[in-house]
file final21.txt (compact mmCIF, N, CA and C atoms)
# COMPACT_ATOMS: atom_id res chain seq x y z
N MET A 1 -59.24 13.20 -254.53
CA MET A 1 -58.22 13.51 -253.56
C MET A 1 -58.50 12.70 -252.30
N LYS A 2 -57.50 12.07 -251.78
CA LYS A 2 -57.67 11.22 -250.61
C LYS A 2 -57.54 12.02 -249.32
N GLU A 3 -58.12 11.47 -248.26
CA GLU A 3 -58.12 12.15 -246.96
C GLU A 3 -56.72 12.53 -246.50
N GLN A 4 -55.75 11.63 -246.70
CA GLN A 4 -54.40 11.93 -246.23
C GLN A 4 -53.77 13.07 -247.03
N HIS A 5 -54.17 13.22 -248.30
CA HIS A 5 -53.67 14.34 -249.11
C HIS A 5 -54.26 15.67 -248.62
N ILE A 6 -55.52 15.64 -248.27
CA ILE A 6 -56.17 16.86 -247.76
C ILE A 6 -55.53 17.25 -246.44
N LEU A 7 -55.31 16.28 -245.56
CA LEU A 7 -54.68 16.56 -244.27
C LEU A 7 -53.27 17.11 -244.48
N ALA A 8 -52.52 16.52 -245.39
CA ALA A 8 -51.16 17.01 -245.66
C ALA A 8 -51.20 18.46 -246.15
N TYR A 9 -52.19 18.78 -246.98
CA TYR A 9 -52.34 20.15 -247.47
C TYR A 9 -52.62 21.11 -246.30
N VAL A 10 -53.55 20.73 -245.44
CA VAL A 10 -53.90 21.58 -244.29
C VAL A 10 -52.67 21.79 -243.41
N GLN A 11 -51.94 20.74 -243.14
CA GLN A 11 -50.76 20.85 -242.29
C GLN A 11 -49.67 21.71 -242.93
N ALA A 12 -49.56 21.68 -244.25
CA ALA A 12 -48.56 22.49 -244.94
C ALA A 12 -49.01 23.95 -245.08
N ALA A 13 -50.30 24.16 -245.30
CA ALA A 13 -50.80 25.51 -245.53
C ALA A 13 -50.96 26.32 -244.24
N ALA A 14 -51.26 25.68 -243.15
CA ALA A 14 -51.51 26.40 -241.90
C ALA A 14 -50.35 27.31 -241.49
N PRO A 15 -49.12 26.84 -241.44
CA PRO A 15 -48.03 27.73 -241.06
C PRO A 15 -47.84 28.90 -242.04
N THR A 16 -48.09 28.65 -243.31
CA THR A 16 -47.99 29.70 -244.32
C THR A 16 -48.97 30.82 -244.02
N LEU A 17 -50.13 30.46 -243.48
CA LEU A 17 -51.16 31.43 -243.14
C LEU A 17 -51.02 31.97 -241.72
N GLY A 18 -49.99 31.51 -241.02
CA GLY A 18 -49.78 31.96 -239.65
C GLY A 18 -50.71 31.30 -238.65
N LEU A 19 -51.21 30.12 -238.98
CA LEU A 19 -52.13 29.40 -238.10
C LEU A 19 -51.40 28.28 -237.38
N GLU A 20 -51.64 28.17 -236.11
CA GLU A 20 -51.09 27.06 -235.35
C GLU A 20 -52.22 26.07 -235.09
N LEU A 21 -52.14 24.92 -235.74
CA LEU A 21 -53.18 23.90 -235.60
C LEU A 21 -52.58 22.67 -234.95
N ASP A 22 -53.22 22.21 -233.87
CA ASP A 22 -52.80 20.92 -233.32
C ASP A 22 -53.36 19.82 -234.21
N ALA A 23 -52.97 18.59 -233.95
CA ALA A 23 -53.35 17.47 -234.81
C ALA A 23 -54.87 17.32 -234.91
N GLN A 24 -55.57 17.50 -233.78
CA GLN A 24 -57.02 17.34 -233.78
C GLN A 24 -57.70 18.43 -234.62
N ARG A 25 -57.24 19.67 -234.48
CA ARG A 25 -57.83 20.78 -235.24
C ARG A 25 -57.52 20.64 -236.73
N ALA A 26 -56.31 20.22 -237.07
CA ALA A 26 -55.94 20.02 -238.47
C ALA A 26 -56.82 18.93 -239.09
N ALA A 27 -57.08 17.87 -238.35
CA ALA A 27 -57.94 16.80 -238.85
C ALA A 27 -59.36 17.29 -239.07
N ALA A 28 -59.84 18.15 -238.17
CA ALA A 28 -61.20 18.70 -238.33
C ALA A 28 -61.29 19.60 -239.56
N VAL A 29 -60.27 20.43 -239.76
CA VAL A 29 -60.25 21.31 -240.94
C VAL A 29 -60.20 20.46 -242.21
N ALA A 30 -59.37 19.43 -242.21
CA ALA A 30 -59.26 18.55 -243.38
C ALA A 30 -60.60 17.86 -243.66
N GLN A 31 -61.31 17.48 -242.61
CA GLN A 31 -62.61 16.85 -242.79
C GLN A 31 -63.59 17.82 -243.46
N HIS A 32 -63.59 19.07 -243.02
CA HIS A 32 -64.46 20.09 -243.62
C HIS A 32 -64.08 20.33 -245.08
N PHE A 33 -62.77 20.41 -245.37
CA PHE A 33 -62.33 20.58 -246.75
C PHE A 33 -62.79 19.41 -247.61
N GLY A 34 -62.70 18.21 -247.08
CA GLY A 34 -63.14 17.03 -247.82
C GLY A 34 -64.62 17.09 -248.16
N ARG A 35 -65.42 17.54 -247.20
CA ARG A 35 -66.85 17.69 -247.44
C ARG A 35 -67.12 18.77 -248.49
N THR A 36 -66.39 19.87 -248.39
CA THR A 36 -66.55 20.95 -249.36
C THR A 36 -66.16 20.48 -250.75
N LEU A 37 -65.10 19.71 -250.85
CA LEU A 37 -64.67 19.16 -252.13
C LEU A 37 -65.76 18.26 -252.73
N ALA A 38 -66.36 17.43 -251.90
CA ALA A 38 -67.43 16.54 -252.38
C ALA A 38 -68.62 17.35 -252.90
N MET A 39 -68.98 18.43 -252.19
CA MET A 39 -70.10 19.27 -252.63
C MET A 39 -69.76 19.98 -253.94
N ALA A 40 -68.54 20.47 -254.06
CA ALA A 40 -68.13 21.17 -255.27
C ALA A 40 -68.17 20.23 -256.47
N ARG A 41 -67.74 18.99 -256.28
CA ARG A 41 -67.77 18.03 -257.38
C ARG A 41 -69.20 17.76 -257.84
N LEU A 42 -70.14 17.69 -256.89
CA LEU A 42 -71.55 17.51 -257.26
C LEU A 42 -72.07 18.71 -258.05
N LEU A 43 -71.72 19.90 -257.61
CA LEU A 43 -72.19 21.10 -258.30
C LEU A 43 -71.59 21.22 -259.70
N GLU A 44 -70.35 20.81 -259.85
CA GLU A 44 -69.72 20.87 -261.17
C GLU A 44 -70.42 19.97 -262.18
N GLN A 45 -71.08 18.94 -261.71
CA GLN A 45 -71.77 18.00 -262.59
C GLN A 45 -73.16 18.47 -262.99
N ALA A 46 -73.68 19.49 -262.32
CA ALA A 46 -75.03 19.98 -262.62
C ALA A 46 -75.03 20.70 -263.96
N PRO A 47 -75.91 20.26 -264.87
CA PRO A 47 -75.95 20.89 -266.20
C PRO A 47 -76.74 22.21 -266.13
N LEU A 48 -76.02 23.32 -266.11
CA LEU A 48 -76.67 24.63 -266.08
C LEU A 48 -76.26 25.43 -267.32
N ALA A 49 -77.25 25.94 -268.00
CA ALA A 49 -76.99 26.82 -269.13
C ALA A 49 -76.61 28.20 -268.59
N PRO A 50 -75.86 28.99 -269.34
CA PRO A 50 -75.44 30.31 -268.86
C PRO A 50 -76.61 31.18 -268.40
N GLU A 51 -77.76 31.08 -269.09
CA GLU A 51 -78.90 31.92 -268.70
C GLU A 51 -79.54 31.50 -267.38
N LEU A 52 -79.16 30.34 -266.86
CA LEU A 52 -79.70 29.88 -265.59
C LEU A 52 -78.78 30.24 -264.41
N GLU A 53 -77.61 30.75 -264.70
CA GLU A 53 -76.68 31.13 -263.64
C GLU A 53 -77.18 32.39 -262.96
N LEU A 54 -77.47 32.32 -261.68
CA LEU A 54 -78.00 33.47 -260.97
C LEU A 54 -77.02 34.63 -260.91
N ALA A 55 -75.74 34.35 -260.91
CA ALA A 55 -74.75 35.42 -260.85
C ALA A 55 -74.86 36.34 -262.06
N GLU A 56 -75.34 35.83 -263.17
CA GLU A 56 -75.48 36.64 -264.38
C GLU A 56 -76.62 37.65 -264.25
N ILE A 57 -77.62 37.36 -263.42
CA ILE A 57 -78.77 38.25 -263.31
C ILE A 57 -78.86 38.91 -261.94
N TYR A 58 -77.88 38.66 -261.08
CA TYR A 58 -77.90 39.21 -259.73
C TYR A 58 -77.72 40.73 -259.77
N ARG A 59 -78.51 41.40 -258.99
CA ARG A 59 -78.37 42.84 -258.84
C ARG A 59 -78.63 43.17 -257.38
N ALA A 60 -77.64 43.73 -256.75
CA ALA A 60 -77.78 44.04 -255.32
C ALA A 60 -78.85 45.08 -255.10
N ALA A 61 -79.60 44.93 -254.02
CA ALA A 61 -80.61 45.92 -253.65
C ALA A 61 -79.90 47.14 -253.10
N PRO A 62 -80.49 48.31 -253.26
CA PRO A 62 -79.85 49.51 -252.71
C PRO A 62 -79.82 49.45 -251.18
N PHE A 63 -78.83 50.06 -250.61
CA PHE A 63 -78.72 50.11 -249.16
C PHE A 63 -79.93 50.82 -248.60
N PRO A 64 -80.51 50.33 -247.50
CA PRO A 64 -81.71 50.99 -246.95
C PRO A 64 -81.46 52.47 -246.71
N GLY A 65 -82.35 53.30 -247.20
CA GLY A 65 -82.25 54.73 -247.03
C GLY A 65 -81.48 55.41 -248.15
N ALA A 66 -80.79 54.65 -248.97
CA ALA A 66 -80.04 55.24 -250.09
C ALA A 66 -80.94 55.34 -251.31
N GLN A 67 -80.76 56.39 -252.06
CA GLN A 67 -81.54 56.54 -253.27
C GLN A 67 -80.78 55.92 -254.43
N GLU A 68 -81.50 55.22 -255.27
CA GLU A 68 -80.88 54.59 -256.43
C GLU A 68 -80.87 55.59 -257.57
N SER A 69 -79.71 55.73 -258.22
CA SER A 69 -79.63 56.66 -259.35
C SER A 69 -80.25 56.02 -260.58
N ALA A 70 -80.93 56.81 -261.34
CA ALA A 70 -81.63 56.30 -262.53
C ALA A 70 -80.81 56.42 -263.76
call {"tool": "encode", "arguments": {"input": "final21.txt", "output": "structure tokens"}}
result
Amino acid sequence: MKEQHILAYVQAAAPTLGLELDAQRAAAVAQHFGRTLAMARLLEQAPLAPELELAEIYRAAPFPGAQESA
């Protein structure tokens, strides 16, 4: 995705979300989206087996002071 496409998306999506972005702010948001896209593409290329996915083994700790039911 090219920078101008990301900027066009930000400019089109902002009013839908009720956001008023001037040109400078829209460009900054588009720049952040571009960086996020680049990071996501790198992560998608990482070869991870299902058993290595932390989300599969994640278990939230009990809230402090709360007793965990057995």
call {"tool": "select_by_dssp", "arguments": {"input": "final21.txt", "residues": "chain A", "states": "alpha helix (DSSP H)", "output": "PyMOL selection string"}}
result
chain A and resi 3-16+23-44+54-57
call {"tool": "atom_distance", "arguments": {"input": "final21.txt", "atom1": "atom N of Pro15 of chain A", "atom2": "atom N of Leu43 of chain A"}}
result
28.6 Å
call {"tool": "residues_around", "arguments": {"input": "final21.txt", "residues": "segment 20-36 of chain A", "least_positions_apart": "3", "cutoff": "7 Å", "atoms": "all atoms listed in the file", "output": "PyMOL selection string"}}
result
chain A and resi 6-7+10-11+14-15+17+39-41
call {"tool": "atom_distance", "arguments": {"input": "final21.txt", "atom1": "atom CA of Gln4 of chain A", "atom2": "atom CA of Leu42 of chain A"}}
result
21.1 Å
call {"tool": "atom_distance", "arguments": {"input": "final21.txt", "atom1": "atom CA of Lys2 of chain A", "atom2": "atom N of Ala38 of chain A"}}
result
10.8 Å
call {"tool": "axis_aligned_box", "arguments": {"input": "final21.txt", "around": "segment 32-42 of chain A", "padding_each_side": "8 Å", "output": "lines of an AutoDock Vina configuration file"}}
result
center_x = -67.2
center_y = 18.9
center_z = -250.5
size_x = 25.7
size_y = 20.6
size_z = 31.0
call {"tool": "decode", "arguments": {"input": "final21.txt", "residues": "chain A", "atoms": "C-alpha atoms", "output": "PDB file, in the first residue's frame"}}
result
ATOM      1  CA  MET A   1       0.000   0.000   0.000  1.00  0.00           C
ATOM      2  CA  LYS A   2       1.429   3.351  -0.983  1.00  0.00           C
ATOM      3  CA  GLU A   3       1.641   6.410   1.248  1.00  0.00           C
ATOM      4  CA  GLN A   4      -0.947   8.320  -0.773  1.00  0.00           C
ATOM      5  CA  HIS A   5      -3.408   5.423  -0.403  1.00  0.00           C
ATOM      6  CA  ILE A   6      -2.952   5.383   3.358  1.00  0.00           C
ATOM      7  CA  LEU A   7      -3.443   9.148   3.525  1.00  0.00           C
ATOM      8  CA  ALA A   8      -6.576   8.901   1.371  1.00  0.00           C
ATOM      9  CA  TYR A   9      -7.922   6.242   3.739  1.00  0.00           C
ATOM     10  CA  VAL A  10      -7.244   8.408   6.804  1.00  0.00           C
ATOM     11  CA  GLN A  11      -8.908  11.413   5.179  1.00  0.00           C
ATOM     12  CA  ALA A  12     -11.959   9.340   4.226  1.00  0.00           C
ATOM     13  CA  ALA A  13     -12.268   7.486   7.535  1.00  0.00           C
ATOM     14  CA  ALA A  14     -11.831  10.459   9.878  1.00  0.00           C
ATOM     15  CA  PRO A  15     -15.219  12.094   9.189  1.00  0.00           C
ATOM     16  CA  THR A  16     -16.925   8.703   9.477  1.00  0.00           C
ATOM     17  CA  LEU A  17     -15.476   8.444  12.989  1.00  0.00           C
ATOM     18  CA  GLY A  18     -16.419  12.019  13.823  1.00  0.00           C
ATOM     19  CA  LEU A  19     -12.800  13.203  13.798  1.00  0.00           C
ATOM     20  CA  GLU A  20     -11.741  16.539  12.432  1.00  0.00           C
ATOM     21  CA  LEU A  21      -8.169  16.249  11.182  1.00  0.00           C
ATOM     22  CA  ASP A  22      -6.263  19.064   9.551  1.00  0.00           C
ATOM     23  CA  ALA A  23      -3.822  18.174   6.773  1.00  0.00           C
ATOM     24  CA  GLN A  24      -0.826  17.979   9.125  1.00  0.00           C
ATOM     25  CA  ARG A  25      -2.600  15.701  11.626  1.00  0.00           C
ATOM     26  CA  ALA A  26      -3.960  13.455   8.853  1.00  0.00           C
ATOM     27  CA  ALA A  27      -0.435  13.090   7.457  1.00  0.00           C
ATOM     28  CA  ALA A  28       0.893  12.163  10.906  1.00  0.00           C
ATOM     29  CA  VAL A  29      -1.827   9.540  11.394  1.00  0.00           C
ATOM     30  CA  ALA A  30      -1.128   8.128   7.920  1.00  0.00           C
ATOM     31  CA  GLN A  31       2.576   7.927   8.763  1.00  0.00           C
ATOM     32  CA  HIS A  32       1.799   5.938  11.929  1.00  0.00           C
ATOM     33  CA  PHE A  33      -0.527   3.629   9.985  1.00  0.00           C
ATOM     34  CA  GLY A  34       2.218   3.058   7.430  1.00  0.00           C
ATOM     35  CA  ARG A  35       4.658   2.101  10.166  1.00  0.00           C
ATOM     36  CA  THR A  36       2.100  -0.216  11.744  1.00  0.00           C
ATOM     37  CA  LEU A  37       1.466  -1.840   8.366  1.00  0.00           C
ATOM     38  CA  ALA A  38       5.195  -2.445   7.897  1.00  0.00           C
ATOM     39  CA  MET A  39       5.448  -4.062  11.356  1.00  0.00           C
ATOM     40  CA  ALA A  40       2.403  -6.249  10.721  1.00  0.00           C
ATOM     41  CA  ARG A  41       3.868  -7.480   7.443  1.00  0.00           C
ATOM     42  CA  LEU A  42       7.079  -8.477   9.240  1.00  0.00           C
ATOM     43  CA  LEU A  43       5.131 -10.340  11.912  1.00  0.00           C
ATOM     44  CA  GLU A  44       3.038 -12.167   9.328  1.00  0.00           C
ATOM     45  CA  GLN A  45       6.249 -13.582   7.856  1.00  0.00           C
ATOM     46  CA  ALA A  46       7.450 -15.034  11.171  1.00  0.00           C
ATOM     47  CA  PRO A  47       7.111 -18.828  11.120  1.00  0.00           C
ATOM     48  CA  LEU A  48       5.282 -19.678  14.345  1.00  0.00           C
ATOM     49  CA  ALA A  49       3.729 -23.034  15.084  1.00  0.00           C
ATOM     50  CA  PRO A  50       0.363 -22.960  16.902  1.00  0.00           C
ATOM     51  CA  GLU A  51       1.975 -24.234  20.113  1.00  0.00           C
ATOM     52  CA  LEU A  52       4.284 -21.203  20.142  1.00  0.00           C
ATOM     53  CA  GLU A  53       1.444 -18.679  20.041  1.00  0.00           C
ATOM     54  CA  LEU A  54       1.290 -17.077  23.482  1.00  0.00           C
ATOM     55  CA  ALA A  55      -2.406 -16.307  23.123  1.00  0.00           C
ATOM     56  CA  GLU A  56      -3.077 -20.045  23.206  1.00  0.00           C
ATOM     57  CA  ILE A  57      -1.481 -20.420  26.646  1.00  0.00           C
ATOM     58  CA  TYR A  58      -2.299 -17.012  28.128  1.00  0.00           C
ATOM     59  CA  ARG A  59      -4.149 -17.044  31.408  1.00  0.00           C
ATOM     60  CA  ALA A  60      -4.918 -13.818  33.202  1.00  0.00           C
ATOM     61  CA  ALA A  61      -3.753 -13.546  36.799  1.00  0.00           C
ATOM     62  CA  PRO A  62      -6.509 -13.119  39.365  1.00  0.00           C
ATOM     63  CA  PHE A  63      -7.295  -9.588  40.417  1.00  0.00           C
ATOM     64  CA  PRO A  64      -5.307  -8.659  43.550  1.00  0.00           C
ATOM     65  CA  GLY A  65      -7.306  -9.639  46.611  1.00  0.00           C
ATOM     66  CA  ALA A  66      -9.691 -11.862  44.656  1.00  0.00           C
ATOM     67  CA  GLN A  67      -9.794 -15.552  45.361  1.00  0.00           C
ATOM     68  CA  GLU A  68      -9.447 -17.886  42.422  1.00  0.00           C
ATOM     69  CA  SER A  69     -12.092 -20.597  42.225  1.00  0.00           C
ATOM     70  CA  ALA A  70     -10.757 -24.111  41.974  1.00  0.00           C
TER      71      ALA A  70
END
